[in-house]
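Please read the structure below before turning to the comments.
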2 protein chains.
Amino acid sequence: MVEVFQKYLADKMPLSDADWAVIERVCIIKKLRKNQYLLQEGDVWRYHAFVCKGCLRRYSIDAKGIEHILQFSCENWWTGDRDSLMNKTPSKYNIDAIEDSSVLVIRNEDFEMLCQQLPAFNNLINQILFRSLNASQERINSTISLTAEEKYLHFINTFPLLANRVPRHMIASYLGITPETLSRIKGNLSKNKQ
Amino acid sequence: MVEVFQKYLADKMPLSDADWAVIERVCIIKKLRKNQYLLQEGDVWRYHAFVCKGCLRRYSIDAKGIEHILQFSCENWWTGDRDSLMNKTPSKYNIDAIEDSSVLVIRNEDFEMLCQQLPAFNNLINQILFRSLNASQERINSTISLTAEEKYLHFINTFPLLANRVPRHMIASYLGITPETLSRIKGNLSKNKQ
DNA sequence: AAAGATCCTTGACAAATATCAAGGGAATTC
DNA sequence: GAATTCCCTTGATATTTGTCAAGGATCTTT
């Protein structure tokens, strides 16, 4: 499974055998069954996590017990809770597997060592941070400016494979609408397409 | 005006006279009048911008001509468009001043030089990035999980000074609701407080 | 000081979305 | 294979929010 990570890195940065040896040494593979937690609310998160296979979701549970999905992560995406990681505070989020998954995790101290020893790795991580931030800002923009229907269309255009892979009620949660509303939107779109 | 930036840096990292001399050399101060643009949609953004005095907002305009405010930035906050900056693409956003303001900008190539020459500066910038990302994620979470009233309460609790400083219709835009809805929410909250 | 522009609130009505309930089909578990 | 669970859709109704219009207060410009 670590080969997935190796290929991912090699696609994005120069990766010598020596570099890979340093990285491989600190990689830990976790296999998760469907519905199994990677992180539970209240725990302190201590890793950087890369999805080798499968799909995860990060969500919060509000005072009424309703789940709100903040993020999906499938192959080649990163997941975790940087706030808990950096501040060493209990996380407000849960991360669990939507299907059986394999996740590669690296402890934060090992990760920082990699960033110091391997400038190309550090640059890659900085780029990923930038892209994460930009994606977050773009998502805020679409969340405050689009109707529910526009949000759904934006989602299926942006993540077509994901849209066919996760349950509709989870997509609804991610979009901040109810499953019934999403069902009606899909019905309306089908009607108009004919 | 650059002293504001100097004090901000000194509060957050060790800052020798030599360090400050290197930084001061690449600082540019821009004075903006109320409503004057720092960035206009379609332009390519080329700076990192720090607000020394005043208040700015970053917003998009949708297909119907409606403004959606993504972010406010007042004293000691950073602003800009990293997507446009990094990809050298035309920005989808506008940034303008809500009141007369002074903004310190640094060209990206100078900024990168500072990050390379001054490790403490680089660390500070990384921390700021982390905090920006965490704040964005937290905002997405609250945007998909809270009612309009809860959003407003969250906003005035999180940014009490800002809430008294920017027009209500801009707060409504930032929260993704209409000014009329915000007015009714405020009225309801006043009624319930009695 | 007056005129004009902007901000904000309120009323009436419309539209979008949520809530609740029910039921059918598919997937999962035993 | 049967029972159970989960997923999804649909109908009816309630609630929240948006739209449009109007008017008063405040701020800005002349």
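Residue numbering restarts at 1 in every chain; chains get A, B, ... in the order shown in the structure tokens, and ligands count up from 1 in that same order.
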Determine which residues of chain D sit within 12 Å of chain B, taking into account only C-alpha atoms (C1' of nucleotides), and present them as a list in words.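 Interface list for chain D against chain B: DT15, DT16, DT17, DG18, DT19 and DC20 of chain D.
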Considering only C-alpha atoms (C1' of nucleotides), give me a table of residues in chain B that are at most 12 Å from chain C, with the closest atom pair and distance in Å for each, as CSV.
```
residue,atom,partner,partner_atom,distance
B:Thr147,CA,C:DA18,C1',11.4
B:Val166,CA,C:DC7,C1',11.4
B:Pro167,CA,C:DC7,C1',7.8
B:Arg168,CA,C:DC8,C1',8.1
B:His169,CA,C:DC7,C1',8.2
B:Met170,CA,C:DC7,C1',10.8
B:Pro179,CA,C:DC8,C1',8.4
B:Glu180,CA,C:DT9,C1',7.8
B:Thr181,CA,C:DT9,C1',10.4
B:Leu182,CA,C:DC8,C1',10.1
B:Ser183,CA,C:DT9,C1',6.7
B:Arg184,CA,C:DT9,C1',8.2
B:Ile185,CA,C:DT9,C1',11.3
B:Lys186,CA,C:DT9,C1',10.3
B:Gly187,CA,C:DT9,C1',9.1
```
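Closest approach to Arg131 in chain A from the set A:Trp78, A:Cys115, A:Asn87, A:Met1 is made by A:Trp78, with distances taken over only C-alpha atoms.
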Which residue, B:Leu32, B:Cys52, B:Ile144, B:Val44, has the smallest gap to Arg82 in chain B when you use only C-alpha atoms?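 Of all the options, B:Val44 lies closest to Arg82 in chain B.
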Tell me as a list in words which residues belonging to chain A come within 7 Å of chain B, counting only C-alpha atoms.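 For chain A, the answer reads His68, Leu70, Asp83, Leu133, Asn134, Ser136, Gln137, Ile140, Asn141, Ile144, Ser145, Leu175 and Gly176 of chain A.
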Taking the DSSP secondary structure from the backbone, can you list the residues of range 8-180 of chain A that are alpha helix (DSSP H), as number ranges by chain? A: 8-12, 17-24, 82-87, 108-117, 119-145, 148-158, 160-163, 168-175, 179-180
Go ahead and save the residues from that selection, with C-alpha atoms, as a PDB file, in the first residue's frame.
```
ATOM      1  CA  TYR A   8       1.909  10.004  -5.619  1.00  0.00           C
ATOM      2  CA  LEU A   9       5.106  11.689  -4.403  1.00  0.00           C
ATOM      3  CA  ALA A  10       7.096  10.725  -7.502  1.00  0.00           C
ATOM      4  CA  ASP A  11       4.385  12.273  -9.694  1.00  0.00           C
ATOM      5  CA  LYS A  12       4.751  15.582  -7.889  1.00  0.00           C
ATOM      6  CA  ASP A  17      15.704   6.148  -3.677  1.00  0.00           C
ATOM      7  CA  ALA A  18      17.441   7.710  -0.686  1.00  0.00           C
ATOM      8  CA  ASP A  19      14.594  10.215  -0.215  1.00  0.00           C
ATOM      9  CA  TRP A  20      12.008   7.465  -0.420  1.00  0.00           C
ATOM     10  CA  ALA A  21      13.903   5.358   2.111  1.00  0.00           C
ATOM     11  CA  VAL A  22      13.781   8.227   4.615  1.00  0.00           C
ATOM     12  CA  ILE A  23      10.062   8.706   4.008  1.00  0.00           C
ATOM     13  CA  GLU A  24       9.117   5.022   3.995  1.00  0.00           C
ATOM     14  CA  ARG A  82      -4.737  20.425  11.734  1.00  0.00           C
ATOM     15  CA  ASP A  83      -6.314  22.524  14.473  1.00  0.00           C
ATOM     16  CA  SER A  84      -6.162  19.647  16.971  1.00  0.00           C
ATOM     17  CA  LEU A  85      -2.739  18.648  15.677  1.00  0.00           C
ATOM     18  CA  MET A  86      -1.156  22.093  16.012  1.00  0.00           C
ATOM     19  CA  ASN A  87      -2.810  23.195  19.226  1.00  0.00           C
ATOM     20  CA  ASN A 108       3.739  14.996  13.281  1.00  0.00           C
ATOM     21  CA  GLU A 109       7.335  14.945  14.611  1.00  0.00           C
ATOM     22  CA  ASP A 110       8.381  12.591  11.791  1.00  0.00           C
ATOM     23  CA  PHE A 111       6.524  14.775   9.316  1.00  0.00           C
ATOM     24  CA  GLU A 112       8.368  17.881  10.489  1.00  0.00           C
ATOM     25  CA  MET A 113      11.649  16.020  10.215  1.00  0.00           C
ATOM     26  CA  LEU A 114      10.785  15.118   6.600  1.00  0.00           C
ATOM     27  CA  CYS A 115      10.000  18.770   5.853  1.00  0.00           C
ATOM     28  CA  GLN A 116      13.359  19.824   7.274  1.00  0.00           C
ATOM     29  CA  GLN A 117      15.431  17.109   5.638  1.00  0.00           C
ATOM     30  CA  PRO A 119      13.152  20.563   0.740  1.00  0.00           C
ATOM     31  CA  ALA A 120      11.163  19.098  -2.161  1.00  0.00           C
ATOM     32  CA  PHE A 121       8.819  17.432   0.314  1.00  0.00           C
ATOM     33  CA  ASN A 122       8.466  20.696   2.236  1.00  0.00           C
ATOM     34  CA  ASN A 123       7.650  22.547  -0.968  1.00  0.00           C
ATOM     35  CA  LEU A 124       5.087  19.937  -1.920  1.00  0.00           C
ATOM     36  CA  ILE A 125       3.416  20.193   1.492  1.00  0.00           C
ATOM     37  CA  ASN A 126       3.333  23.979   1.212  1.00  0.00           C
ATOM     38  CA  GLN A 127       1.661  23.699  -2.183  1.00  0.00           C
ATOM     39  CA  ILE A 128      -0.894  21.295  -0.762  1.00  0.00           C
ATOM     40  CA  LEU A 129      -1.592  23.741   2.053  1.00  0.00           C
ATOM     41  CA  PHE A 130      -2.068  26.552  -0.456  1.00  0.00           C
ATOM     42  CA  ARG A 131      -4.429  24.423  -2.530  1.00  0.00           C
ATOM     43  CA  SER A 132      -6.367  23.395   0.570  1.00  0.00           C
ATOM     44  CA  LEU A 133      -6.761  27.005   1.601  1.00  0.00           C
ATOM     45  CA  ASN A 134      -7.822  28.079  -1.872  1.00  0.00           C
ATOM     46  CA  ALA A 135     -10.313  25.227  -2.100  1.00  0.00           C
ATOM     47  CA  SER A 136     -11.720  26.198   1.297  1.00  0.00           C
ATOM     48  CA  GLN A 137     -12.121  29.815   0.263  1.00  0.00           C
ATOM     49  CA  GLU A 138     -13.779  28.787  -2.983  1.00  0.00           C
ATOM     50  CA  ARG A 139     -16.118  26.540  -1.047  1.00  0.00           C
ATOM     51  CA  ILE A 140     -17.067  29.345   1.350  1.00  0.00           C
ATOM     52  CA  ASN A 141     -17.761  31.518  -1.673  1.00  0.00           C
ATOM     53  CA  SER A 142     -20.060  28.957  -3.249  1.00  0.00           C
ATOM     54  CA  THR A 143     -21.742  28.140   0.052  1.00  0.00           C
ATOM     55  CA  ILE A 144     -22.801  31.750   0.729  1.00  0.00           C
ATOM     56  CA  SER A 145     -23.724  32.579  -2.858  1.00  0.00           C
ATOM     57  CA  ALA A 148     -29.253  24.472  -3.005  1.00  0.00           C
ATOM     58  CA  GLU A 149     -29.690  23.316  -6.595  1.00  0.00           C
ATOM     59  CA  GLU A 150     -26.653  25.274  -7.781  1.00  0.00           C
ATOM     60  CA  LYS A 151     -24.609  23.741  -4.955  1.00  0.00           C
ATOM     61  CA  TYR A 152     -25.559  20.243  -6.037  1.00  0.00           C
ATOM     62  CA  LEU A 153     -24.724  20.922  -9.677  1.00  0.00           C
ATOM     63  CA  HIS A 154     -21.408  22.445  -8.644  1.00  0.00           C
ATOM     64  CA  PHE A 155     -20.653  19.368  -6.535  1.00  0.00           C
ATOM     65  CA  ILE A 156     -21.390  16.792  -9.230  1.00  0.00           C
ATOM     66  CA  ASN A 157     -19.427  18.811 -11.794  1.00  0.00           C
ATOM     67  CA  THR A 158     -16.473  19.226  -9.480  1.00  0.00           C
ATOM     68  CA  PRO A 160     -18.219  13.435 -10.583  1.00  0.00           C
ATOM     69  CA  LEU A 161     -16.636  10.178  -9.382  1.00  0.00           C
ATOM     70  CA  LEU A 162     -17.202  11.010  -5.726  1.00  0.00           C
ATOM     71  CA  ALA A 163     -20.827  11.916  -6.404  1.00  0.00           C
ATOM     72  CA  ARG A 168     -26.988  10.764  -1.238  1.00  0.00           C
ATOM     73  CA  HIS A 169     -27.739  11.588   2.373  1.00  0.00           C
ATOM     74  CA  MET A 170     -24.027  12.242   2.903  1.00  0.00           C
ATOM     75  CA  ILE A 171     -23.887  14.544  -0.104  1.00  0.00           C
ATOM     76  CA  ALA A 172     -26.872  16.384   1.335  1.00  0.00           C
ATOM     77  CA  SER A 173     -25.067  16.766   4.654  1.00  0.00           C
ATOM     78  CA  TYR A 174     -21.919  18.043   2.897  1.00  0.00           C
ATOM     79  CA  LEU A 175     -24.019  20.613   1.028  1.00  0.00           C
ATOM     80  CA  PRO A 179     -31.822  14.416   2.058  1.00  0.00           C
ATOM     81  CA  GLU A 180     -35.424  15.176   1.096  1.00  0.00           C
TER      82      GLU A 180
END
```
State, in Å with one decimal place, the distance from CA of Leu39 in chain B to CA of Val103 in chain B. 12.1 Å
Which distance in Å separates CA of Cys55 in chain B and CA of Tyr93 in chain B, to one decimal?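 For CA of Cys55 in chain B relative to CA of Tyr93 in chain B, the distance reads 16.4 Å.
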